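One structure is given here, and the rest of the page talks about it.
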Number of protein chains: 2
Amino acid sequence: MRRIRIRVAYDGTDFHGWQVQPGLPTIQGVIEQVVGGIEGRDVAVAASGRTDAGVHALAQTAAFSLDNPIPVDNLRKAMNRLLPYSIRILSVEEAAESFHPRYDAVAKTYEYRIWREEICPPFERRYVHHHPYPLDEDAMARCARLLEGEHDFSAFAAADEKDRLGLSKVRRIFSSSVERSGGRLTYRVRGSGFLKHMVRNLVGVLVEAGKGNVGEDGVRERLRPGCAVPCGPTAPAQGLFLISVEY
Amino acid sequence: MRRIRIRVAYDGTDFHGWQVQPGLPTIQGVIEQVVGGIEGRDVAVAASGRTDAGVHALAQTAAFSLDNPIPVDNLRKAMNRLLPYSIRILSVEEAAESFHPRYDAVAKTYEYRIWREEICPPFERRYVHHHPYPLDEDAMARCARLLEGEHDFSAFAAADEKDRLGLSKVRRIFSSSVERSGGRLTYRVRGSGFLKHMVRNLVGVLVEAGKGNVGEDGVRERLRPGCAVPCGPTAPAQGLFLISVEY
């Protein structure tokens with residue numbers, strides 16, 4: 001058996017997230033169908049992590065095992081021919097037999113895009129969260145920096161993950177910053193790993209900071225182990241991009 | 001009656017062009033419905049020119065007449081609230097009673113975007129023509145320059161316009177250039193006016209020039225009055241953007 005590692009870009013708009021769900025279009029489901037067709041049997045495709053419904057990827061990493069001896073360049077071309085244009089295979093390469101895109105990942109980078117002007121260009125509408133209301137972007141940038149370092153992110157986990165005791169919620173954030181470019185405000189975060197909904201919850205708190213509802217102390221409080229303060233609203237999925245996964 | 005002038009951006013993907021067509025979604029149709037709802041009677045909305053099915057606009061100009069005294073800022077907000085996110089009103093202002101977006105236009109700028117790399121990013125797929133095959137882009141740039149000046153563009157008119165004798169096919173092109181940026185090759189053309197399908201036919205010939213099928217002499221030949229040489233394939237609509245209209 002060969003182990004194949006792929007990098008995948010996708011527009012999450014029309015999918016119910018990465019993970020297979022019976023009867024619903026998902027990115028994993030569509031890719032498994034295409035790889036299964038090439039291999040002639042069911043093939044499981046694992047990713048570096050699930051992305052939620054509506055979340056996009058500039059470069060997700062995934063892997064699967066094949067018996068088919070098709071050269072990697074041909075496999076990339078065949079997959080792109082069979083996949084919808086909303087999912088593109090950027091690269092295909094041979095990997096170590098033991099390679100696992102989730103367990104072997106050492107860092108991931110996400111971007112969250114907020115459109116700040118009154119009018120959201122039609123061409124951006126699927127790829128940003130439109131928030132044209134006042135925000136103190138300097139306060140957001142200061143709070144974003146506070147997230148760097150190793151912290152217990154329990155307060156930023158999805159509700160259904162909060163109850164899963166025993167699993168560590170400690171993660172290391174290597175960089176966390178906010179940048180304005182034209183009408184677009186981008187939050188960029190690179191870390192060792194992320195809990196379910198964590199990036200969207202970080203953005204939720206940063207937006208609350210921008211509104212003046214949460215200060216730097218409020219952010220620090222939410223980073224204390226076992227914090228029970230509700231994290232603030234989860235930012236909408238469509239502004240979130242998985243940018244890259246490092247190994 | 002007030003004369004209202006608007007600038008409109010739209011993603012043409014899901015529309016059958018600007019012009020009203022019974023039973024089909026068109027940009028004019030949707031805007032007339034919204035303005036008619038605000039005015040309480042049918043209102044005709046005129047544009048600087050029709051765009052074909054699938055063609056986009058960064059800033060189309062249109063105009064209509066209203067009795068409703070609603071302030072222009074409120075009208076912009078009301079229209080954007082009622083329109084789909086694929087159509088955005090960028091500005092609304094009072095205009096001279098005689099203003100006509102088509103007859104008063106003195107220049108228009110179009111852009112045509114070709115994606116040159118093997119893989120077209122999912123986020124670009126609706127807004128480019130994907131052509132990853134070899135093209136001599138320098139030859140295309142040289143031929144693009146030849147189009148500048150005043151010429152008879154009969155060879156570049158749509159088939160159904162070629163037969164309309166008596167109407168001048170002479171237009172002035174102020175600038176015509178090709179530029180590469182990352183994976184995107186952009187043809188940008190600014191002119192006094194354009195015949196139906198003219199920009200897409202210009203791009204069709206430039207692509208033929210890039211393939212080596214048409215040389216500079218071939219382009220000059222097509223610019224001779226009454227040229228009967230077929231202009232080459234019409235480039236697909238989805239790569240075309242109306243950038244701006246000048247008055």
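In the structure tokens, chains take letters A, B, ... by order of appearance, with residues numbered from 1 within each chain and ligands from 1 in the order shown.
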
Check the DSSP output for the backbone and give back, as a JSON list (two decimals) with N, CA and C atoms, in the first residue's frame, the residues of range 53-189 of chain B in strand (DSSP E).
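The new file out.json reads:
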```
[["chain", "number", "residue", "atom", "x", "y", "z"],
["B", 56, "HIS", "N", -19.45, 40.45, -15.14],
["B", 56, "HIS", "CA", -19.50, 41.13, -13.84],
["B", 56, "HIS", "C", -19.29, 42.63, -14.01],
["B", 57, "ALA", "N", -19.61, 43.38, -12.95],
["B", 57, "ALA", "CA", -19.34, 44.82, -12.95],
["B", 57, "ALA", "C", -18.78, 45.24, -11.61],
["B", 58, "LEU", "N", -17.65, 45.93, -11.64],
["B", 58, "LEU", "CA", -17.16, 46.59, -10.42],
["B", 58, "LEU", "C", -17.93, 47.88, -10.21],
["B", 59, "ALA", "N", -18.27, 48.56, -11.31],
["B", 59, "ALA", "CA", -19.04, 49.80, -11.20],
["B", 59, "ALA", "C", -19.72, 50.12, -12.53],
["B", 60, "GLN", "N", -20.91, 49.57, -12.69],
["B", 60, "GLN", "CA", -21.81, 49.92, -13.78],
["B", 60, "GLN", "C", -22.51, 51.22, -13.36],
["B", 61, "THR", "N", -22.87, 52.08, -14.32],
["B", 61, "THR", "CA", -23.67, 53.26, -14.00],
["B", 61, "THR", "C", -25.07, 53.08, -14.58],
["B", 62, "ALA", "N", -26.08, 53.44, -13.79],
["B", 62, "ALA", "CA", -27.46, 53.34, -14.25],
["B", 62, "ALA", "C", -28.23, 54.56, -13.74],
["B", 63, "ALA", "N", -29.44, 54.75, -14.27],
["B", 63, "ALA", "CA", -30.24, 55.91, -13.85],
["B", 63, "ALA", "C", -31.72, 55.60, -13.98],
["B", 64, "PHE", "N", -32.52, 56.31, -13.17],
["B", 64, "PHE", "CA", -33.98, 56.17, -13.24],
["B", 64, "PHE", "C", -34.61, 57.44, -12.68],
["B", 65, "SER", "N", -35.90, 57.60, -12.91],
["B", 65, "SER", "CA", -36.62, 58.78, -12.44],
["B", 65, "SER", "C", -37.61, 58.40, -11.36],
["B", 66, "LEU", "N", -37.69, 59.23, -10.34],
["B", 66, "LEU", "CA", -38.52, 58.94, -9.15],
["B", 66, "LEU", "C", -39.38, 60.15, -8.78],
["B", 87, "ILE", "N", -25.73, 41.83, -5.85],
["B", 87, "ILE", "CA", -25.87, 43.16, -6.47],
["B", 87, "ILE", "C", -25.78, 44.20, -5.37],
["B", 88, "ARG", "N", -24.85, 45.12, -5.48],
["B", 88, "ARG", "CA", -24.68, 46.17, -4.45],
["B", 88, "ARG", "C", -24.71, 47.55, -5.09],
["B", 89, "ILE", "N", -25.45, 48.45, -4.45],
["B", 89, "ILE", "CA", -25.49, 49.84, -4.90],
["B", 89, "ILE", "C", -24.35, 50.58, -4.20],
["B", 90, "LEU", "N", -23.36, 51.01, -4.98],
["B", 90, "LEU", "CA", -22.17, 51.66, -4.40],
["B", 90, "LEU", "C", -22.44, 53.12, -4.08],
["B", 91, "SER", "N", -23.24, 53.78, -4.91],
["B", 91, "SER", "CA", -23.55, 55.19, -4.65],
["B", 91, "SER", "C", -24.87, 55.55, -5.32],
["B", 92, "VAL", "N", -25.52, 56.56, -4.74],
["B", 92, "VAL", "CA", -26.78, 57.10, -5.29],
["B", 92, "VAL", "C", -26.64, 58.62, -5.24],
["B", 93, "GLU", "N", -26.91, 59.28, -6.36],
["B", 93, "GLU", "CA", -26.87, 60.75, -6.32],
["B", 93, "GLU", "C", -27.93, 61.35, -7.25],
["B", 94, "GLU", "N", -28.24, 62.62, -6.98],
["B", 94, "GLU", "CA", -29.16, 63.35, -7.86],
["B", 94, "GLU", "C", -28.41, 63.66, -9.16],
["B", 95, "ALA", "N", -29.12, 63.62, -10.28],
["B", 95, "ALA", "CA", -28.49, 63.92, -11.57],
["B", 95, "ALA", "C", -29.36, 64.93, -12.31],
["B", 107, "ALA", "N", -16.34, 57.44, -21.71],
["B", 107, "ALA", "CA", -15.35, 56.36, -21.74],
["B", 107, "ALA", "C", -15.80, 55.24, -20.81],
["B", 108, "LYS", "N", -15.37, 54.04, -21.19],
["B", 108, "LYS", "CA", -15.62, 52.86, -20.36],
["B", 108, "LYS", "C", -14.34, 52.07, -20.25],
["B", 109, "THR", "N", -14.16, 51.42, -19.10],
["B", 109, "THR", "CA", -13.01, 50.55, -18.92],
["B", 109, "THR", "C", -13.49, 49.14, -18.59],
["B", 110, "TYR", "N", -12.92, 48.18, -19.28],
["B", 110, "TYR", "CA", -13.19, 46.76, -19.02],
["B", 110, "TYR", "C", -11.90, 46.05, -18.65],
["B", 111, "GLU", "N", -12.04, 44.98, -17.88],
["B", 111, "GLU", "CA", -10.92, 44.10, -17.59],
["B", 111, "GLU", "C", -11.32, 42.68, -17.93],
["B", 112, "TYR", "N", -10.39, 41.94, -18.51],
["B", 112, "TYR", "CA", -10.65, 40.52, -18.76],
["B", 112, "TYR", "C", -9.56, 39.71, -18.05],
["B", 113, "ARG", "N", -9.97, 38.78, -17.20],
["B", 113, "ARG", "CA", -9.02, 38.05, -16.35],
["B", 113, "ARG", "C", -8.87, 36.60, -16.80],
["B", 114, "ILE", "N", -7.63, 36.22, -17.08],
["B", 114, "ILE", "CA", -7.32, 34.84, -17.49],
["B", 114, "ILE", "C", -6.44, 34.22, -16.42],
["B", 115, "TRP", "N", -6.83, 33.05, -15.91],
["B", 115, "TRP", "CA", -6.00, 32.37, -14.92],
["B", 115, "TRP", "C", -5.06, 31.43, -15.65],
["B", 129, "HIS", "N", -11.30, 33.36, -16.67],
["B", 129, "HIS", "CA", -11.30, 32.31, -17.68],
["B", 129, "HIS", "C", -10.03, 31.50, -17.42],
["B", 130, "HIS", "N", -10.20, 30.20, -17.16],
["B", 130, "HIS", "CA", -9.05, 29.36, -16.83],
["B", 130, "HIS", "C", -8.41, 28.85, -18.11],
["B", 149, "GLY", "N", -6.18, 53.58, -30.44],
["B", 149, "GLY", "CA", -6.46, 54.52, -31.53],
["B", 149, "GLY", "C", -7.87, 54.33, -32.06],
["B", 150, "GLU", "N", -8.18, 55.05, -33.13],
["B", 150, "GLU", "CA", -9.52, 54.98, -33.71],
["B", 150, "GLU", "C", -9.52, 53.98, -34.86],
["B", 151, "HIS", "N", -10.40, 52.99, -34.74],
["B", 151, "HIS", "CA", -10.44, 51.93, -35.75],
["B", 151, "HIS", "C", -11.89, 51.54, -36.03],
["B", 152, "ASP", "N", -12.06, 50.88, -37.16],
["B", 152, "ASP", "CA", -13.34, 50.25, -37.49],
["B", 152, "ASP", "C", -13.32, 48.83, -36.91],
["B", 170, "VAL", "N", -17.02, 52.33, -35.84],
["B", 170, "VAL", "CA", -15.77, 52.99, -35.47],
["B", 170, "VAL", "C", -15.80, 53.37, -34.00],
["B", 171, "ARG", "N", -14.75, 52.96, -33.28],
["B", 171, "ARG", "CA", -14.63, 53.31, -31.87],
["B", 171, "ARG", "C", -13.18, 53.75, -31.62],
["B", 172, "ARG", "N", -13.00, 54.54, -30.56],
["B", 172, "ARG", "CA", -11.66, 54.97, -30.19],
["B", 172, "ARG", "C", -11.22, 54.22, -28.93],
["B", 173, "ILE", "N", -10.08, 53.56, -28.99],
["B", 173, "ILE", "CA", -9.52, 52.88, -27.82],
["B", 173, "ILE", "C", -8.41, 53.76, -27.27],
["B", 174, "PHE", "N", -8.56, 54.18, -26.02],
["B", 174, "PHE", "CA", -7.58, 55.08, -25.40],
["B", 174, "PHE", "C", -6.37, 54.29, -24.88],
["B", 175, "SER", "N", -6.65, 53.12, -24.32],
["B", 175, "SER", "CA", -5.53, 52.29, -23.86],
["B", 175, "SER", "C", -5.94, 50.84, -23.90],
["B", 176, "SER", "N", -4.96, 49.98, -24.14],
["B", 176, "SER", "CA", -5.22, 48.55, -24.34],
["B", 176, "SER", "C", -3.94, 47.83, -23.97],
["B", 177, "SER", "N", -3.96, 47.11, -22.85],
["B", 177, "SER", "CA", -2.71, 46.52, -22.37],
["B", 177, "SER", "C", -2.95, 45.20, -21.64],
["B", 178, "VAL", "N", -1.90, 44.41, -21.58],
["B", 178, "VAL", "CA", -1.94, 43.10, -20.93],
["B", 178, "VAL", "C", -0.94, 43.12, -19.79],
["B", 179, "GLU", "N", -1.35, 42.61, -18.63],
["B", 179, "GLU", "CA", -0.44, 42.62, -17.48],
["B", 179, "GLU", "C", -0.56, 41.32, -16.70],
["B", 180, "ARG", "N", 0.59, 40.77, -16.31],
["B", 180, "ARG", "CA", 0.60, 39.54, -15.52],
["B", 180, "ARG", "C", 0.83, 39.88, -14.06],
["B", 181, "SER", "N", 0.03, 39.29, -13.17],
["B", 181, "SER", "CA", 0.24, 39.46, -11.73],
["B", 181, "SER", "C", -0.06, 38.12, -11.06],
["B", 184, "ARG", "N", -2.55, 35.45, -12.56],
["B", 184, "ARG", "CA", -3.60, 36.13, -13.33],
["B", 184, "ARG", "C", -3.03, 37.02, -14.43],
["B", 185, "LEU", "N", -3.52, 36.79, -15.65],
["B", 185, "LEU", "CA", -3.18, 37.66, -16.77],
["B", 185, "LEU", "C", -4.40, 38.55, -17.02],
["B", 186, "THR", "N", -4.20, 39.86, -16.97],
["B", 186, "THR", "CA", -5.33, 40.78, -17.11],
["B", 186, "THR", "C", -5.20, 41.61, -18.37],
["B", 187, "TYR", "N", -6.24, 41.60, -19.19],
["B", 187, "TYR", "CA", -6.33, 42.52, -20.31],
["B", 187, "TYR", "C", -7.20, 43.68, -19.88],
["B", 188, "ARG", "N", -6.69, 44.90, -20.03],
["B", 188, "ARG", "CA", -7.42, 46.09, -19.60],
["B", 188, "ARG", "C", -7.58, 47.02, -20.79],
["B", 189, "VAL", "N", -8.80, 47.44, -21.03],
["B", 189, "VAL", "CA", -9.05, 48.27, -22.20],
["B", 189, "VAL", "C", -10.00, 49.42, -21.82]]
```

Report chain B as a compact mmCIF listing (two decimals) with C-alpha atoms, in the first residue's frame in the frame of chain A, after least-squares superposition over all C-alpha atoms paired in order.
```txt
# COMPACT_ATOMS: atom_id res chain seq x y z
CA MET B 1 0.01 0.01 -0.02
CA ARG B 2 1.19 3.53 -0.78
CA ARG B 3 0.53 6.41 1.56
CA ILE B 4 -0.53 9.54 -0.35
CA ARG B 5 -0.43 13.05 1.07
CA ILE B 6 -2.42 15.83 -0.61
CA ARG B 7 -2.90 19.56 -0.18
CA VAL B 8 -6.46 20.70 -0.90
CA ALA B 9 -8.04 24.13 -1.42
CA TYR B 10 -11.79 24.48 -1.07
CA ASP B 11 -14.59 26.99 -1.08
CA GLY B 12 -16.65 25.81 1.88
CA THR B 13 -19.78 27.78 0.90
CA ASP B 14 -21.72 24.87 -0.54
CA PHE B 15 -20.50 22.13 1.81
CA HIS B 16 -21.55 20.94 5.24
CA GLY B 17 -17.95 21.05 6.42
CA TRP B 18 -15.09 18.61 5.97
CA GLN B 19 -16.44 15.52 7.70
CA VAL B 20 -18.66 12.95 6.02
CA GLN B 21 -22.31 13.26 6.95
CA PRO B 22 -24.87 10.87 5.43
CA GLY B 23 -26.95 12.54 2.73
CA LEU B 24 -25.14 15.90 2.89
CA PRO B 25 -22.40 17.24 0.60
CA THR B 26 -19.12 17.39 2.53
CA ILE B 27 -15.57 17.90 1.32
CA GLN B 28 -14.35 14.60 2.73
CA GLY B 29 -17.35 12.84 1.20
CA VAL B 30 -16.69 14.22 -2.29
CA ILE B 31 -12.95 13.47 -2.14
CA GLU B 32 -13.54 9.93 -0.84
CA GLN B 33 -15.96 9.34 -3.71
CA VAL B 34 -13.35 10.47 -6.26
CA VAL B 35 -10.45 8.54 -4.71
CA GLY B 36 -12.68 5.48 -4.27
CA GLY B 37 -13.57 5.65 -7.94
CA ILE B 38 -9.88 5.72 -8.92
CA GLU B 39 -8.96 2.90 -6.50
CA GLY B 40 -12.05 0.76 -7.21
CA ARG B 41 -12.99 0.34 -3.54
CA ASP B 42 -13.87 2.52 -0.54
CA VAL B 43 -10.94 4.66 0.63
CA ALA B 44 -10.86 6.65 3.88
CA VAL B 45 -9.38 10.14 3.56
CA ALA B 46 -8.08 11.73 6.80
CA ALA B 47 -7.44 15.47 7.20
CA SER B 48 -5.35 17.59 9.56
CA GLY B 49 -8.62 18.45 11.23
CA ARG B 50 -12.27 19.01 10.42
CA THR B 51 -13.42 22.36 9.21
CA ASP B 52 -16.95 23.50 10.05
CA ALA B 53 -19.74 24.00 7.52
CA GLY B 54 -18.98 27.08 5.44
CA VAL B 55 -15.28 27.31 6.42
CA HIS B 56 -12.77 27.58 3.55
CA ALA B 57 -9.24 26.23 3.07
CA LEU B 58 -6.37 27.68 1.09
CA ALA B 59 -4.37 24.55 1.89
CA GLN B 60 -5.80 21.75 4.00
CA THR B 61 -3.60 18.63 4.27
CA ALA B 62 -5.12 15.16 3.93
CA ALA B 63 -3.89 11.61 3.36
CA PHE B 64 -5.10 8.19 2.22
CA SER B 65 -3.71 4.78 1.28
CA LEU B 66 -3.83 3.33 -2.23
CA ASP B 67 -2.92 0.12 -4.05
CA ASN B 68 -3.28 1.81 -7.46
CA PRO B 69 0.23 2.54 -8.84
CA ILE B 70 -0.87 5.72 -10.69
CA PRO B 71 1.96 8.31 -10.68
CA VAL B 72 1.32 11.25 -8.33
CA ASP B 73 1.12 13.83 -11.15
CA ASN B 74 -1.50 11.80 -12.95
CA LEU B 75 -3.40 11.27 -9.72
CA ARG B 76 -3.51 15.06 -9.11
CA LYS B 77 -4.80 15.63 -12.64
CA ALA B 78 -7.35 12.81 -12.43
CA MET B 79 -8.68 14.05 -9.10
CA ASN B 80 -9.00 17.63 -10.35
CA ARG B 81 -10.81 16.39 -13.44
CA LEU B 82 -13.33 14.49 -11.31
CA LEU B 83 -13.79 17.00 -8.46
CA PRO B 84 -16.07 20.07 -8.61
CA TYR B 85 -14.24 23.38 -9.21
CA SER B 86 -14.97 24.34 -5.61
CA ILE B 87 -12.41 21.71 -4.48
CA ARG B 88 -8.90 21.70 -5.98
CA ILE B 89 -6.00 19.35 -5.30
CA LEU B 90 -2.94 21.61 -5.10
CA SER B 91 -0.37 18.83 -4.71
CA VAL B 92 -0.07 15.05 -4.40
CA GLU B 93 3.01 13.31 -3.03
CA GLU B 94 4.17 9.99 -1.61
CA ALA B 95 4.38 9.98 2.19
CA ALA B 96 5.77 7.69 4.87
CA GLU B 97 3.49 4.72 5.56
CA SER B 98 2.90 6.07 9.08
CA PHE B 99 2.02 9.63 8.01
CA HIS B 100 -1.10 10.98 9.66
CA PRO B 101 -2.18 14.52 8.77
CA ARG B 102 -3.73 15.12 12.17
CA TYR B 103 -1.27 13.58 14.61
CA ASP B 104 1.86 14.68 12.74
CA ALA B 105 0.85 18.35 12.33
CA VAL B 106 3.09 20.72 14.34
CA ALA B 107 1.40 24.02 13.47
CA LYS B 108 -1.65 25.41 11.72
CA THR B 109 -2.43 28.89 10.48
CA TYR B 110 -5.93 30.33 10.17
CA GLU B 111 -7.16 33.65 8.85
CA TYR B 112 -10.45 35.31 9.69
CA ARG B 113 -11.62 38.07 7.34
CA ILE B 114 -13.99 40.85 8.40
CA TRP B 115 -15.27 43.34 5.82
CA ARG B 116 -15.40 46.76 7.51
CA GLU B 117 -16.97 49.04 4.90
CA GLU B 118 -20.68 49.76 4.53
CA ILE B 119 -20.87 47.93 1.23
CA CYS B 120 -19.48 44.43 0.86
CA PRO B 121 -18.34 43.82 -2.73
CA PRO B 122 -20.39 41.01 -4.36
CA PHE B 123 -17.14 39.13 -5.06
CA GLU B 124 -16.20 39.06 -1.36
CA ARG B 125 -19.58 38.12 0.01
CA ARG B 126 -18.89 34.41 0.42
CA TYR B 127 -15.43 34.94 1.96
CA VAL B 128 -15.83 37.55 4.67
CA HIS B 129 -17.93 38.34 7.72
CA HIS B 130 -19.52 41.70 6.93
CA HIS B 131 -19.30 43.95 10.00
CA PRO B 132 -19.53 47.62 8.95
CA TYR B 133 -20.27 48.89 12.49
CA PRO B 134 -17.76 50.76 14.71
CA LEU B 135 -14.88 48.68 16.09
CA ASP B 136 -11.79 49.86 17.94
CA GLU B 137 -9.32 47.99 15.76
CA ASP B 138 -6.34 49.04 17.89
CA ALA B 139 -7.97 47.50 20.95
CA MET B 140 -8.58 44.33 18.93
CA ALA B 141 -4.91 44.23 17.91
CA ARG B 142 -3.77 44.63 21.53
CA CYS B 143 -6.09 41.85 22.70
CA ALA B 144 -4.99 39.60 19.82
CA ARG B 145 -1.36 39.83 21.07
CA LEU B 146 -2.45 38.66 24.54
CA LEU B 147 -3.47 35.30 23.08
CA GLU B 148 0.11 34.44 22.13
CA GLY B 149 1.86 31.84 24.29
CA GLU B 150 0.68 28.67 26.01
CA HIS B 151 -2.75 28.95 27.56
CA ASP B 152 -5.73 26.89 28.65
CA PHE B 153 -8.30 27.69 25.99
CA SER B 154 -11.24 26.00 27.75
CA ALA B 155 -13.23 29.23 27.52
CA PHE B 156 -12.88 29.18 23.73
CA ALA B 157 -13.88 25.56 23.11
CA ALA B 158 -17.20 24.63 21.53
CA ALA B 159 -19.94 23.92 24.09
CA ASP B 160 -19.92 20.19 23.33
CA GLU B 161 -16.14 20.04 23.83
CA LYS B 162 -16.19 21.83 27.16
CA ASP B 163 -17.77 18.80 28.78
CA ARG B 164 -15.15 16.38 27.53
CA LEU B 165 -13.09 16.33 30.71
CA GLY B 166 -9.68 14.74 30.78
CA LEU B 167 -8.69 16.10 27.35
CA SER B 168 -6.22 18.95 27.65
CA LYS B 169 -7.45 22.32 26.44
CA VAL B 170 -3.94 23.73 26.57
CA ARG B 171 -2.62 24.98 23.24
CA ARG B 172 0.34 27.11 22.21
CA ILE B 173 -0.29 30.15 20.01
CA PHE B 174 2.86 31.19 18.14
CA SER B 175 1.44 34.38 16.67
CA SER B 176 -1.87 36.21 16.82
CA SER B 177 -2.37 39.53 15.07
CA VAL B 178 -4.90 41.82 13.44
CA GLU B 179 -4.18 43.71 10.23
CA ARG B 180 -6.21 46.16 8.15
CA SER B 181 -5.84 46.24 4.36
CA GLY B 182 -8.37 48.34 2.44
CA GLY B 183 -11.85 47.35 3.58
CA ARG B 184 -10.66 44.06 5.01
CA LEU B 185 -9.65 43.44 8.61
CA THR B 186 -7.78 40.14 8.92
CA TYR B 187 -7.12 38.19 12.09
CA ARG B 188 -4.25 35.75 11.57
CA VAL B 189 -3.36 33.09 14.09
CA ARG B 190 -0.70 30.38 14.02
CA GLY B 191 -0.67 27.74 16.73
CA SER B 192 0.23 24.19 17.72
CA GLY B 193 -3.40 23.15 17.41
CA PHE B 194 -6.90 24.43 17.86
CA LEU B 195 -10.00 23.25 19.70
CA LYS B 196 -13.32 22.94 17.92
CA HIS B 197 -14.71 26.46 17.16
CA MET B 198 -11.65 27.97 18.88
CA VAL B 199 -10.67 30.43 16.12
CA ARG B 200 -14.25 31.61 15.64
CA ASN B 201 -14.58 32.05 19.41
CA LEU B 202 -11.30 33.97 19.57
CA VAL B 203 -12.65 36.26 16.85
CA GLY B 204 -15.92 36.55 18.78
CA VAL B 205 -14.03 37.90 21.80
CA LEU B 206 -11.87 40.19 19.66
CA VAL B 207 -15.00 41.70 18.13
CA GLU B 208 -16.38 42.21 21.65
CA ALA B 209 -13.07 43.91 22.49
CA GLY B 210 -13.52 46.10 19.41
CA LYS B 211 -16.99 47.09 20.63
CA GLY B 212 -15.58 47.98 24.04
CA ASN B 213 -17.48 45.16 25.79
CA VAL B 214 -14.33 43.22 26.75
CA GLY B 215 -11.01 44.76 27.83
CA GLU B 216 -7.51 43.33 28.05
CA ASP B 217 -8.27 42.10 31.56
CA GLY B 218 -11.33 40.31 30.24
CA VAL B 219 -9.18 38.50 27.67
CA ARG B 220 -6.60 37.56 30.35
CA GLU B 221 -9.41 36.27 32.58
CA ARG B 222 -10.65 33.98 29.80
CA LEU B 223 -7.17 32.50 29.48
CA ARG B 224 -7.07 31.36 33.14
CA PRO B 225 -7.29 27.58 33.55
CA GLY B 226 -10.85 26.35 33.86
CA CYS B 227 -12.33 29.78 33.16
CA ALA B 228 -16.11 29.69 33.21
CA VAL B 229 -16.75 33.08 31.61
CA PRO B 230 -18.76 32.60 28.43
CA CYS B 231 -16.47 33.39 25.52
CA GLY B 232 -18.81 35.64 23.56
CA PRO B 233 -20.59 34.92 20.28
CA THR B 234 -18.94 32.50 17.84
CA ALA B 235 -18.02 34.44 14.68
CA PRO B 236 -19.77 33.24 11.48
CA ALA B 237 -18.06 30.42 9.56
CA GLN B 238 -17.78 32.09 6.15
CA GLY B 239 -14.99 34.49 7.21
CA LEU B 240 -12.68 31.64 8.28
CA PHE B 241 -9.88 30.18 6.13
CA LEU B 242 -7.49 27.37 7.03
CA ILE B 243 -4.33 28.81 5.48
CA SER B 244 -1.75 26.08 5.96
CA VAL B 245 -0.69 23.08 8.02
CA GLU B 246 2.95 22.50 8.95
CA TYR B 247 4.67 19.16 9.59
```

Just list as a PyMOL selection string whatever in range 22-238 of chain A DSSP marks as helix (DSSP H, G or I).
chain A and resi 27-39+72-82+137-146+154-156+159-162+198-211+216-222+237-238
